[in-house]
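For reference, target19.txt is printed below; it contains compact mmCIF, C-alpha atoms.
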```
# COMPACT_ATOMS: atom_id res chain seq x y z
CA MET E 1 -2.60 23.28 51.31
CA THR E 2 -5.55 21.04 51.86
CA ASP E 3 -6.04 17.35 51.27
CA GLN E 4 -7.33 17.40 47.72
CA THR E 5 -9.88 14.84 46.73
CA PRO E 6 -12.14 14.42 43.76
CA PRO E 7 -15.54 16.13 43.87
CA ASP E 8 -18.09 14.42 46.06
CA PRO E 9 -20.51 12.47 43.88
CA ALA E 10 -22.95 12.20 46.76
CA SER E 11 -23.31 15.91 47.34
CA SER E 12 -26.68 16.24 45.65
CA ASP E 13 -29.57 16.47 48.04
CA PRO E 14 -31.84 13.46 47.75
CA ALA E 15 -34.83 15.74 47.85
CA LYS E 16 -33.55 17.29 44.62
CA SER E 17 -32.56 14.05 42.96
CA GLY E 18 -35.97 12.73 42.04
CA VAL E 19 -36.42 10.61 45.14
CA PRO E 20 -39.98 10.98 46.38
CA PRO E 21 -40.25 12.17 49.98
CA LEU E 22 -41.09 9.52 52.54
CA THR E 23 -44.80 9.82 53.33
CA GLY E 24 -45.09 7.21 56.07
CA ARG E 25 -48.43 6.08 57.41
CA THR E 26 -51.12 7.96 59.31
CA LEU E 27 -52.17 6.29 62.54
CA PRO E 28 -55.80 6.15 63.80
CA CYS E 29 -54.90 8.97 66.22
CA GLY E 30 -53.97 11.21 63.28
CA ARG E 31 -50.21 11.19 63.81
CA ASN E 32 -47.85 10.12 61.02
CA ASN E 33 -45.44 7.33 61.81
CA THR E 34 -42.47 9.23 60.29
CA GLU E 35 -42.50 11.41 63.44
CA LEU E 36 -42.27 8.27 65.52
CA ALA E 37 -39.48 6.89 63.31
CA ASP E 38 -37.40 9.92 64.25
CA VAL E 39 -37.98 9.25 67.92
CA ALA E 40 -37.19 5.55 67.51
CA THR E 41 -33.94 6.07 65.62
CA ASP E 42 -32.48 9.24 67.11
CA PRO E 43 -31.33 8.91 70.73
CA GLU E 44 -31.47 12.69 71.11
CA GLN E 45 -35.21 12.79 70.40
CA ARG E 46 -37.78 12.24 73.14
CA PRO E 47 -41.45 11.33 72.58
CA ASP E 48 -43.92 14.15 73.21
CA GLU E 49 -46.85 13.87 75.63
CA HIS E 50 -49.27 12.57 73.04
CA GLN E 51 -46.83 9.93 71.81
CA LEU E 52 -46.32 8.80 75.40
CA SER E 53 -49.98 8.51 76.23
CA CYS E 54 -51.53 7.36 72.90
CA ARG E 55 -51.78 3.60 72.57
CA PHE E 56 -51.46 3.73 68.77
CA CYS E 57 -48.31 5.82 68.98
CA ARG E 58 -46.82 3.67 71.72
CA ALA E 59 -47.44 0.48 69.74
CA GLU E 60 -46.03 2.02 66.55
CA LEU E 61 -43.03 3.37 68.43
CA ALA E 62 -42.31 -0.11 69.81
CA GLU E 63 -42.48 -1.59 66.29
CA LEU E 64 -40.18 1.08 64.84
CA ALA E 65 -37.73 0.73 67.73
CA SER E 66 -37.64 -3.01 67.11
CA ALA E 67 -37.01 -2.44 63.38
CA TRP E 68 -34.22 0.00 64.20
CA SER E 69 -32.61 -2.41 66.66
CA SER E 70 -32.35 -4.91 63.78
CA VAL E 71 -30.41 -2.33 61.80
CA GLN E 72 -28.08 -1.75 64.73
CA SER E 73 -27.62 -5.48 65.16
CA VAL E 74 -26.57 -5.90 61.52
CA ALA E 75 -24.37 -2.79 61.69
CA GLU E 76 -22.44 -4.32 64.56
CA GLN E 77 -21.61 -7.43 62.56
CA SER E 78 -18.14 -7.42 61.12
CA VAL E 79 -17.35 -7.88 57.45
CA ALA E 80 -15.08 -10.80 56.69
CA VAL E 81 -11.90 -9.57 55.06
CA PRO E 82 -10.27 -12.65 53.52
CA ALA E 83 -6.47 -12.45 53.47
CA GLU E 84 -6.37 -13.59 49.86
CA ARG E 85 -8.57 -10.66 48.86
CA ILE E 86 -6.21 -8.21 50.56
CA ASN E 87 -3.23 -9.89 48.88
CA ARG E 88 -5.00 -9.52 45.57
CA ILE E 89 -5.61 -5.83 46.26
CA VAL E 90 -1.94 -5.29 47.18
CA GLU E 91 -0.79 -7.11 44.05
CA GLY E 92 -3.32 -5.33 41.86
CA VAL E 93 -2.26 -1.91 43.16
CA HIS E 94 1.38 -2.82 42.67
CA ASN E 95 0.74 -3.84 39.07
CA ARG E 96 -1.23 -0.70 38.34
CA ILE E 97 1.32 1.76 39.70
CA HIS E 98 4.36 -0.14 38.50
CA GLN E 99 5.46 0.79 35.00
CA PRO E 100 5.97 -2.36 32.97
CA GLY E 101 9.54 -2.85 31.86
CA GLU E 102 10.91 -0.52 34.52
CA TYR E 103 12.34 -0.88 37.98
CA ARG E 104 12.55 1.89 40.54
CA VAL E 105 16.07 2.53 41.74
CA MET E 106 16.00 2.37 45.53
CA ASN E 107 19.41 2.57 47.14
CA ALA E 108 21.26 4.73 49.66
CA HIS E 109 21.70 7.52 47.11
CA THR E 110 18.12 7.73 45.96
CA ALA E 111 16.21 6.90 49.17
CA ALA E 112 16.52 10.39 50.63
CA GLN E 113 15.85 12.17 47.35
CA PRO E 114 12.44 13.27 46.20
CA GLY E 115 11.31 12.16 42.79
CA ALA E 116 11.94 8.89 41.09
CA LEU E 117 14.86 7.32 39.32
CA ARG E 118 13.85 4.43 37.17
CA ILE E 119 15.87 1.88 35.34
CA SER E 120 14.61 -0.09 32.40
CA GLU E 121 14.35 -3.84 32.52
CA SER E 122 16.75 -4.16 29.57
CA VAL E 123 19.46 -2.18 31.37
CA LEU E 124 19.03 -4.29 34.50
CA LEU E 125 19.37 -7.43 32.40
CA ASP E 126 22.44 -6.04 30.67
CA VAL E 127 24.03 -5.42 34.06
CA ALA E 128 23.19 -8.98 35.13
CA ARG E 129 24.69 -10.35 31.90
CA ARG E 130 27.90 -8.34 32.28
CA ALA E 131 28.22 -9.39 35.93
CA ALA E 132 27.86 -13.05 34.96
CA GLU E 133 30.38 -12.71 32.16
CA SER E 134 32.87 -11.18 34.58
CA VAL E 135 33.26 -14.66 36.07
CA HIS E 136 36.32 -16.14 34.36
CA GLY E 137 35.37 -18.47 31.50
CA VAL E 138 31.66 -17.70 31.46
CA ALA E 139 30.39 -16.37 28.16
CA ALA E 140 27.43 -15.72 25.94
CA VAL E 141 24.92 -14.97 28.67
CA THR E 142 21.27 -14.24 27.91
CA GLY E 143 18.56 -13.82 30.49
CA THR E 144 15.04 -13.03 31.49
CA LEU E 145 13.70 -10.94 34.35
CA GLY E 146 10.79 -12.18 36.40
CA ASP E 147 9.17 -11.05 39.62
CA LYS E 148 12.05 -11.05 42.10
CA ARG E 149 14.07 -13.50 39.99
CA ILE E 150 16.54 -13.46 37.15
CA ASP E 151 17.15 -16.45 34.91
CA LEU E 152 20.40 -16.65 32.99
CA ASP E 153 21.42 -18.96 30.16
CA VAL E 154 25.20 -19.32 30.13
CA VAL E 155 28.00 -21.05 28.28
CA MET E 156 30.71 -22.42 30.55
CA PRO E 157 34.22 -23.76 29.93
CA TYR E 158 34.67 -27.52 29.66
CA GLY E 159 36.68 -29.15 32.43
CA THR E 160 35.80 -26.74 35.26
CA ASP E 161 33.66 -27.19 38.37
CA LEU E 162 30.38 -26.08 36.82
CA GLY E 163 28.55 -25.94 40.17
CA ALA E 164 31.13 -23.65 41.74
CA LEU E 165 31.17 -21.46 38.64
CA ALA E 166 27.39 -21.21 38.63
CA GLN E 167 27.44 -20.13 42.26
CA GLN E 168 29.94 -17.37 41.41
CA VAL E 169 27.63 -16.23 38.63
CA ARG E 170 24.71 -16.08 41.05
CA THR E 171 26.63 -14.13 43.68
CA ARG E 172 28.11 -11.56 41.29
CA THR E 173 24.85 -11.05 39.47
CA ALA E 174 22.86 -10.54 42.67
CA GLU E 175 25.44 -8.07 43.99
CA ALA E 176 25.63 -6.11 40.75
CA VAL E 177 21.89 -5.61 40.33
CA HIS E 178 21.49 -4.81 44.02
CA VAL E 179 24.21 -2.16 43.94
CA LEU E 180 22.72 -0.66 40.80
CA SER E 181 19.04 -0.67 41.66
CA GLY E 182 18.60 -1.63 45.30
CA ALA E 183 16.30 -4.36 44.03
CA ALA E 184 16.72 -7.69 45.78
CA PHE E 185 16.31 -10.59 43.41
CA GLY E 186 15.87 -13.53 45.73
CA GLU E 187 16.58 -16.09 43.08
CA ILE E 188 19.14 -16.13 40.28
CA GLY E 189 18.55 -19.14 38.07
CA VAL E 190 21.52 -20.36 36.04
CA ARG E 191 21.07 -22.72 33.11
CA ILE E 192 24.12 -24.07 31.32
CA VAL E 193 23.16 -24.21 27.67
CA ASP E 194 26.59 -25.12 26.24
CA VAL E 195 30.18 -25.74 27.15
CA THR E 196 33.21 -24.49 25.26
CA GLY E 197 35.99 -26.96 24.55
CA PRO E 198 39.64 -26.61 25.54
CA MET X 1 4.29 -0.62 69.25
CA SER X 2 2.81 2.34 71.15
CA ARG X 3 0.14 4.46 69.50
CA SER X 4 2.52 7.44 69.20
CA GLY X 5 5.18 5.15 67.71
CA SER X 6 2.66 3.79 65.27
CA VAL X 7 1.55 7.30 64.29
CA LEU X 8 5.16 8.34 63.78
CA GLU X 9 5.83 5.28 61.67
CA GLU X 10 2.77 6.03 59.56
CA ARG X 11 3.93 9.60 59.05
CA LEU X 12 7.29 8.32 57.87
CA LEU X 13 5.60 5.92 55.50
CA ILE X 14 3.42 8.71 54.14
CA ALA X 15 6.46 10.96 53.65
CA ALA X 16 8.31 8.17 51.86
CA ALA X 17 5.29 7.37 49.69
CA GLN X 18 5.02 11.06 48.80
CA ALA X 19 8.63 10.77 47.61
CA HIS X 20 7.43 7.92 45.35
CA ASP X 21 8.81 5.12 47.46
CA GLU X 22 6.76 2.18 46.19
CA ARG X 23 7.67 -0.04 49.12
CA ALA X 24 6.45 2.47 51.69
CA PHE X 25 3.30 2.93 49.65
CA GLU X 26 2.72 -0.81 49.50
CA GLU X 27 3.06 -0.99 53.26
CA LEU X 28 0.30 1.61 53.55
CA VAL X 29 -1.78 -0.40 51.08
CA ARG X 30 -1.35 -3.51 53.21
CA ARG X 31 -2.24 -1.67 56.43
CA HIS X 32 -5.30 0.25 55.31
CA SER X 33 -6.86 -2.04 52.73
CA PRO X 34 -8.76 -4.27 55.19
CA GLN X 35 -10.69 -1.30 56.63
CA MET X 36 -11.19 0.20 53.18
CA TYR X 37 -12.43 -3.11 51.81
CA ALA X 38 -14.85 -3.60 54.71
CA ALA X 39 -16.21 -0.08 54.26
CA ALA X 40 -16.49 -0.54 50.48
CA CYS X 41 -18.31 -3.85 50.95
CA LYS X 42 -20.89 -2.22 53.16
CA MET X 43 -21.26 0.64 50.70
CA VAL X 44 -21.68 -1.34 47.50
CA GLY X 45 -22.72 -4.75 48.85
CA GLU X 46 -20.72 -6.60 46.22
CA PRO X 47 -17.26 -7.93 47.18
CA ALA X 48 -15.83 -7.86 43.65
CA ILE X 49 -16.85 -4.23 43.15
CA ALA X 50 -15.58 -3.39 46.64
CA GLU X 51 -12.19 -4.88 45.77
CA GLU X 52 -12.05 -2.92 42.53
CA ALA X 53 -13.07 0.26 44.38
CA VAL X 54 -10.24 -0.20 46.87
CA GLN X 55 -7.72 -0.74 44.08
CA GLU X 56 -8.95 2.34 42.22
CA ALA X 57 -8.79 4.36 45.42
CA TRP X 58 -5.17 3.36 45.94
CA VAL X 59 -4.21 4.22 42.38
CA ALA X 60 -5.82 7.64 42.91
CA ALA X 61 -3.94 7.90 46.23
CA TRP X 62 -0.64 7.09 44.53
CA LYS X 63 -1.23 9.74 41.87
CA GLY X 64 -2.38 12.29 44.44
CA MET X 65 -0.07 11.40 47.30
CA THR X 66 1.68 14.77 47.19
CA THR X 67 -1.66 16.57 47.58
CA PHE X 68 -2.26 14.86 50.91
CA ALA X 69 -1.29 17.55 53.39
CA GLY X 70 -2.12 15.65 56.54
CA ARG X 71 -4.96 17.97 57.59
CA SER X 72 -7.15 14.91 58.01
CA ALA X 73 -6.17 11.40 58.99
CA LEU X 74 -4.91 9.30 56.10
CA SER X 75 -7.72 6.83 56.77
CA THR X 76 -10.31 9.61 56.35
CA TRP X 77 -8.75 10.67 53.05
CA LEU X 78 -8.68 7.06 51.88
CA HIS X 79 -12.32 6.55 52.90
CA ARG X 80 -13.22 9.46 50.70
CA LEU X 81 -11.29 8.04 47.77
CA VAL X 82 -13.04 4.68 48.26
CA LEU X 83 -16.39 6.41 48.38
CA VAL X 84 -15.68 8.16 45.08
CA SER X 85 -14.46 4.95 43.43
CA ALA X 86 -17.38 2.95 44.77
CA TRP X 87 -19.82 5.55 43.52
CA ARG X 88 -18.21 5.61 40.08
CA LEU X 89 -18.17 1.84 39.80
CA THR X 90 -21.72 1.36 41.03
CA SER X 91 -22.88 4.06 38.63
CA ALA X 92 -21.24 2.14 35.83
CA VAL X 93 -23.03 -1.06 36.75
CA ARG X 94 -26.24 0.51 38.01
CA LYS X 95 -28.21 -1.00 35.16
CA ALA X 96 -26.88 -4.45 35.97
CA PRO X 97 -29.04 -6.54 38.27
CA ARG X 98 -28.32 -6.10 41.96
CA PRO X 99 -26.41 -8.94 43.58
CA THR X 100 -28.63 -11.20 45.58
CA ILE X 101 -28.66 -10.83 49.33
CA ASP X 102 -27.45 -14.42 49.59
CA ALA X 103 -24.39 -13.60 47.51
CA ILE X 104 -23.62 -10.60 49.67
CA LEU X 105 -24.14 -12.62 52.82
CA ASP X 106 -21.97 -15.48 51.68
CA ASP X 107 -19.03 -13.33 50.79
CA THR X 108 -19.08 -10.36 53.10
CA LEU X 109 -20.22 -11.48 56.50
CA ASP X 110 -18.50 -13.59 59.04
CA GLN X 111 -19.96 -17.04 58.80
CA ALA X 112 -19.75 -17.63 62.53
CA PRO X 113 -22.35 -15.10 63.63
CA SER X 114 -24.57 -16.02 60.68
CA ALA X 115 -24.42 -19.66 61.67
CA GLU X 116 -25.59 -18.74 65.13
CA LEU X 117 -28.61 -16.84 63.85
CA SER X 118 -32.04 -18.38 63.98
CA ALA X 119 -34.05 -18.59 60.78
CA SER X 120 -36.16 -15.60 61.77
CA GLU X 121 -33.09 -13.55 62.68
CA ARG X 122 -31.54 -14.40 59.35
CA VAL X 123 -34.66 -13.19 57.54
CA GLU X 124 -34.56 -10.03 59.62
CA HIS X 125 -30.91 -9.41 58.80
CA ASP X 126 -31.55 -10.01 55.10
CA ALA X 127 -34.33 -7.47 55.24
CA VAL X 128 -32.03 -4.89 56.85
CA ARG X 129 -29.44 -5.32 54.14
CA ARG X 130 -32.05 -5.06 51.44
CA ALA X 131 -33.44 -1.90 53.03
CA VAL X 132 -29.97 -0.37 53.25
CA ALA X 133 -29.27 -1.30 49.63
CA GLU X 134 -32.47 0.45 48.57
CA LEU X 135 -31.64 3.74 50.26
CA ASP X 136 -30.87 6.59 47.94
CA GLU X 137 -27.09 6.75 47.47
CA PRO X 138 -26.27 9.92 49.46
CA LEU X 139 -28.33 8.57 52.35
CA ARG X 140 -26.83 5.09 52.07
CA HIS X 141 -23.29 6.42 52.16
CA VAL X 142 -23.76 8.40 55.37
CA VAL X 143 -25.77 5.65 57.07
CA VAL X 144 -23.18 3.02 56.20
CA LEU X 145 -20.18 5.17 57.07
CA TYR X 146 -21.68 6.34 60.36
CA HIS X 147 -23.53 3.29 61.64
CA PHE X 148 -21.66 0.45 59.95
CA SER X 149 -18.10 1.82 59.65
CA GLY X 150 -18.15 3.89 62.83
CA LEU X 151 -17.02 7.25 61.42
CA SER X 152 -17.67 10.33 63.54
CA TYR X 153 -19.78 13.26 62.28
CA ASP X 154 -16.60 15.21 61.66
CA GLU X 155 -14.95 12.39 59.70
CA LEU X 156 -18.17 11.78 57.82
CA ALA X 157 -18.36 15.44 56.81
CA GLN X 158 -14.78 15.28 55.52
CA VAL X 159 -15.35 12.03 53.67
CA VAL X 160 -18.47 13.14 51.80
CA GLY X 161 -17.24 16.73 51.44
CA GLU X 162 -20.29 18.31 53.01
CA SER X 163 -20.94 20.28 56.19
CA GLU X 164 -21.61 18.45 59.42
CA ALA X 165 -25.16 19.82 59.37
CA THR X 166 -25.73 18.32 55.92
CA VAL X 167 -24.49 14.89 56.88
CA ARG X 168 -26.52 14.99 60.09
CA GLY X 169 -29.57 15.80 57.99
CA ARG X 170 -28.88 12.91 55.63
CA LEU X 171 -28.37 10.57 58.55
CA TYR X 172 -31.66 11.70 60.01
CA ARG X 173 -33.50 10.99 56.76
CA GLY X 174 -31.66 7.73 56.19
CA ARG X 175 -32.52 6.39 59.62
CA ARG X 176 -36.12 7.43 59.28
CA GLN X 177 -36.45 5.76 55.89
CA LEU X 178 -34.82 2.55 57.11
CA ALA X 179 -37.07 2.26 60.15
CA ILE X 180 -40.23 2.96 58.16
CA THR X 181 -39.28 0.60 55.32
CA LEU X 182 -38.54 -2.26 57.69
CA ARG X 183 -41.70 -1.56 59.66
CA GLU X 184 -43.79 -1.69 56.48
CA TRP X 185 -42.16 -4.90 55.34
CA ARG X 186 -42.95 -6.49 58.69
CA CYS X 187 -46.57 -5.39 58.38
CA SER X 188 -46.91 -6.88 54.92
CA ALA X 189 -45.06 -10.12 55.77
```
As structure tokens, how would this structure be written, given the file I've shared?
Amino acid sequence: MTDQTPPDPASSDPAKSGVPPLTGRTLPCGRNNTELADVATDPEQRPDEHQLSCRFCRAELAELASAWSSVQSVAEQSVAVPAERINRIVEGVHNRIHQPGEYRVMNAHTAAQPGALRISESVLLDVARRAAESVHGVAAVTGTLGDKRIDLDVVMPYGTDLGALAQQVRTRTAEAVHVLSGAAFGEIGVRIVDVTGP
Amino acid sequence: MSRSGSVLEERLLIAAAQAHDERAFEELVRRHSPQMYAAACKMVGEPAIAEEAVQEAWVAAWKGMTTFAGRSALSTWLHRLVLVSAWRLTSAVRKAPRPTIDAILDDTLDQAPSAELSASERVEHDAVRRAVAELDEPLRHVVVLYHFSGLSYDELAQVVGESEATVRGRLYRGRRQLAITLREWRCSA
């Protein structure tokens, strides 16, 4: 098996792609400066006897070497890679590969298995709702799923410690969705939309 | 972490990503994107297109993760994917006006070295970038990947999917064209 990649778009030879060949310039001595460009840019090439002794060639070689050193100087400069751009790339890739409305199940049972087990957003919300309703007295839960957070609207019994009850809802909901999906929802928002009388 | 530890960790991440572990894949995205973005910037000269090319390359990597057999380094494989995406995107916008050198400079190069350049050096550097941008695409890719991104001949051959002799030939022509173009511009300045 080889590392498969799409076909190389750059495989066409430039000579066959309509690009005119580089003609260069003929020096007073009769030599073309493209020969000297090769000497100036390729460390493996050495000037021949004529190029070493001819003043036109030597002057042209110095100019081409200077031009090439500018290229090397720019090549050595680093490209700024702003952190926000990388964050945007990471987020963009995540959004593109992540199926909307689905969460990948990642827990001890699925981690070692090939393939993917996905759970729909609605099922995850249903689990969160049931977990919240398992807290005594809490009823009629609806919710929304955001990025790493779940928001629940709940009805709670009148005359109880609403803060303590809300904390129980948060804890049970977080545990239930984590056990089911392996997803860690850092924030469980609880909004009390009504209270039921005694 | 030692180099061998780092290599082992990367292999584990690759294996996990091949098993569709999104978190492992995202860790690879975070690790390799800076180099991919820098290479893409130098290839296309336009940060926004470079960013899009990197994202496209990663989506292709995610879809083709199981085809990555580890014969080449992951970074080499990713460079190739970026090259393909960059080529596709630049082909799509080829008829659009080229970004100005100033725009490229402002967004892609460290400001510190630029600030230290004299006016004449800045003009010289602008000219180099313009000359690179005007190279025919196959030549530009090998020149940028070899001289600007530091790939070896072997890596370069793998990235562009050609023999080492072919990429050496393209490099040869690319260097020659750059030197001559810059020389002529200096003469006419």
Worksheet item: Pick from X:Glu162, X:Glu124, X:Glu134, X:Glu155: nearest to Gly45 in chain X, with all atoms listed in the file counted?
Response: X:Glu134
Fill in: Length of the CA of Ser120 in chain E to CA of Ala57 in chain X vector [Å]
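Straight-line distance from CA of Ser120 in chain E to CA of Ala57 in chain X works out to 27.1 Å.
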So that I can see what lies close to Glu51 in chain X, please list as a PDB file with C-alpha atoms, in the coordinates of the input the residues with an atom at most 12 Å from it, counting only C-alpha atoms and leaving out residues fewer than 4 positions away in the same chain.
```pdb
ATOM      1  CA  VAL E  81     -11.900  -9.570  55.060  1.00  0.00           C
ATOM      2  CA  PRO E  82     -10.270 -12.650  53.520  1.00  0.00           C
ATOM      3  CA  GLU E  84      -6.370 -13.590  49.860  1.00  0.00           C
ATOM      4  CA  ARG E  85      -8.570 -10.660  48.860  1.00  0.00           C
ATOM      5  CA  ILE E  86      -6.210  -8.210  50.560  1.00  0.00           C
ATOM      6  CA  ASN E  87      -3.230  -9.890  48.880  1.00  0.00           C
ATOM      7  CA  ARG E  88      -5.000  -9.520  45.570  1.00  0.00           C
ATOM      8  CA  ILE E  89      -5.610  -5.830  46.260  1.00  0.00           C
ATOM      9  CA  VAL E  90      -1.940  -5.290  47.180  1.00  0.00           C
ATOM     10  CA  GLU E  91      -0.790  -7.110  44.050  1.00  0.00           C
ATOM     11  CA  GLY E  92      -3.320  -5.330  41.860  1.00  0.00           C
ATOM     12  CA  VAL E  93      -2.260  -1.910  43.160  1.00  0.00           C
TER      13      VAL E  93
ATOM     14  CA  SER X  33      -6.860  -2.040  52.730  1.00  0.00           C
ATOM     15  CA  PRO X  34      -8.760  -4.270  55.190  1.00  0.00           C
ATOM     16  CA  GLN X  35     -10.690  -1.300  56.630  1.00  0.00           C
ATOM     17  CA  MET X  36     -11.190   0.200  53.180  1.00  0.00           C
ATOM     18  CA  TYR X  37     -12.430  -3.110  51.810  1.00  0.00           C
ATOM     19  CA  ALA X  38     -14.850  -3.600  54.710  1.00  0.00           C
ATOM     20  CA  ALA X  39     -16.210  -0.080  54.260  1.00  0.00           C
ATOM     21  CA  ALA X  40     -16.490  -0.540  50.480  1.00  0.00           C
ATOM     22  CA  CYS X  41     -18.310  -3.850  50.950  1.00  0.00           C
ATOM     23  CA  LYS X  42     -20.890  -2.220  53.160  1.00  0.00           C
ATOM     24  CA  MET X  43     -21.260   0.640  50.700  1.00  0.00           C
ATOM     25  CA  VAL X  44     -21.680  -1.340  47.500  1.00  0.00           C
ATOM     26  CA  GLY X  45     -22.720  -4.750  48.850  1.00  0.00           C
ATOM     27  CA  GLU X  46     -20.720  -6.600  46.220  1.00  0.00           C
ATOM     28  CA  PRO X  47     -17.260  -7.930  47.180  1.00  0.00           C
ATOM     29  CA  GLN X  55      -7.720  -0.740  44.080  1.00  0.00           C
ATOM     30  CA  GLU X  56      -8.950   2.340  42.220  1.00  0.00           C
ATOM     31  CA  ALA X  57      -8.790   4.360  45.420  1.00  0.00           C
ATOM     32  CA  TRP X  58      -5.170   3.360  45.940  1.00  0.00           C
ATOM     33  CA  VAL X  82     -13.040   4.680  48.260  1.00  0.00           C
ATOM     34  CA  SER X  85     -14.460   4.950  43.430  1.00  0.00           C
ATOM     35  CA  ALA X  86     -17.380   2.950  44.770  1.00  0.00           C
ATOM     36  CA  LEU X  89     -18.170   1.840  39.800  1.00  0.00           C
ATOM     37  CA  ASP X 107     -19.030 -13.330  50.790  1.00  0.00           C
ATOM     38  CA  THR X 108     -19.080 -10.360  53.100  1.00  0.00           C
TER      39      THR X 108
END
```
Fill in: Nearest to chain E, chosen from X:Cys187, X:Ala127, X:Arg176, X:Tyr146, with only C-alpha atoms counted in the distances
X:Arg176
Worksheet item: CA of His125 in chain X and CA of Ala53 in chain X, how far apart in Å?
Response: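 Value for the CA of Ala53 in chain X-CA of His125 in chain X distance: 24.9 Å.
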Worksheet item: Just how far from CA of Arg46 in chain E is CA of Arg25 in chain E, in Å to one decimal?
Response: 20.0 Å
Discussion item. Can you work out which residues from chain X touch chain E at a cut-off of 7 Å (counting only C-alpha atoms) and hand them back as a ChimeraX atom specification?
Written reply: /X:19-20,26,29-30,33-34,38,51,55,58-59,67-71,84,87,108-110,124-125,128,136-138,147-148,160-162,175-177,179-180,182-183
Contact residues around Val154 in chain E with only C-alpha atoms at 8 Å, ignoring same-chain residues under 3 positions, as a short mmCIF file (atom, residue, chain, number, x, y, z; two decimals) with C-alpha atoms, keeping the file's coordinate frame:
```
data_model
loop_
_atom_site.label_atom_id
_atom_site.label_comp_id
_atom_site.auth_asym_id
_atom_site.auth_seq_id
_atom_site.Cartn_x
_atom_site.Cartn_y
_atom_site.Cartn_z
CA VAL E 138 31.66 -17.70 31.46
CA ALA E 139 30.39 -16.37 28.16
CA ALA E 140 27.43 -15.72 25.94
CA VAL E 141 24.92 -14.97 28.67
CA THR E 142 21.27 -14.24 27.91
CA VAL E 190 21.52 -20.36 36.04
CA ARG E 191 21.07 -22.72 33.11
CA ILE E 192 24.12 -24.07 31.32
CA VAL E 193 23.16 -24.21 27.67
CA ASP E 194 26.59 -25.12 26.24
#
```
Worksheet item: What's the 7 Å shell around range 122-127 of chain E, counting only C-alpha atoms, without same-chain residues fewer than 5 positions away, as a ChimeraX atom specification?
Response: /E:143,145,176-177
Store the residues picked out above, limited to C-alpha atoms, as a PDB file, in the frame of the given file.
```pdb
ATOM      1  CA  GLY E 143      18.560 -13.820  30.490  1.00  0.00           C
ATOM      2  CA  LEU E 145      13.700 -10.940  34.350  1.00  0.00           C
ATOM      3  CA  ALA E 176      25.630  -6.110  40.750  1.00  0.00           C
ATOM      4  CA  VAL E 177      21.890  -5.610  40.330  1.00  0.00           C
TER       5      VAL E 177
END
```
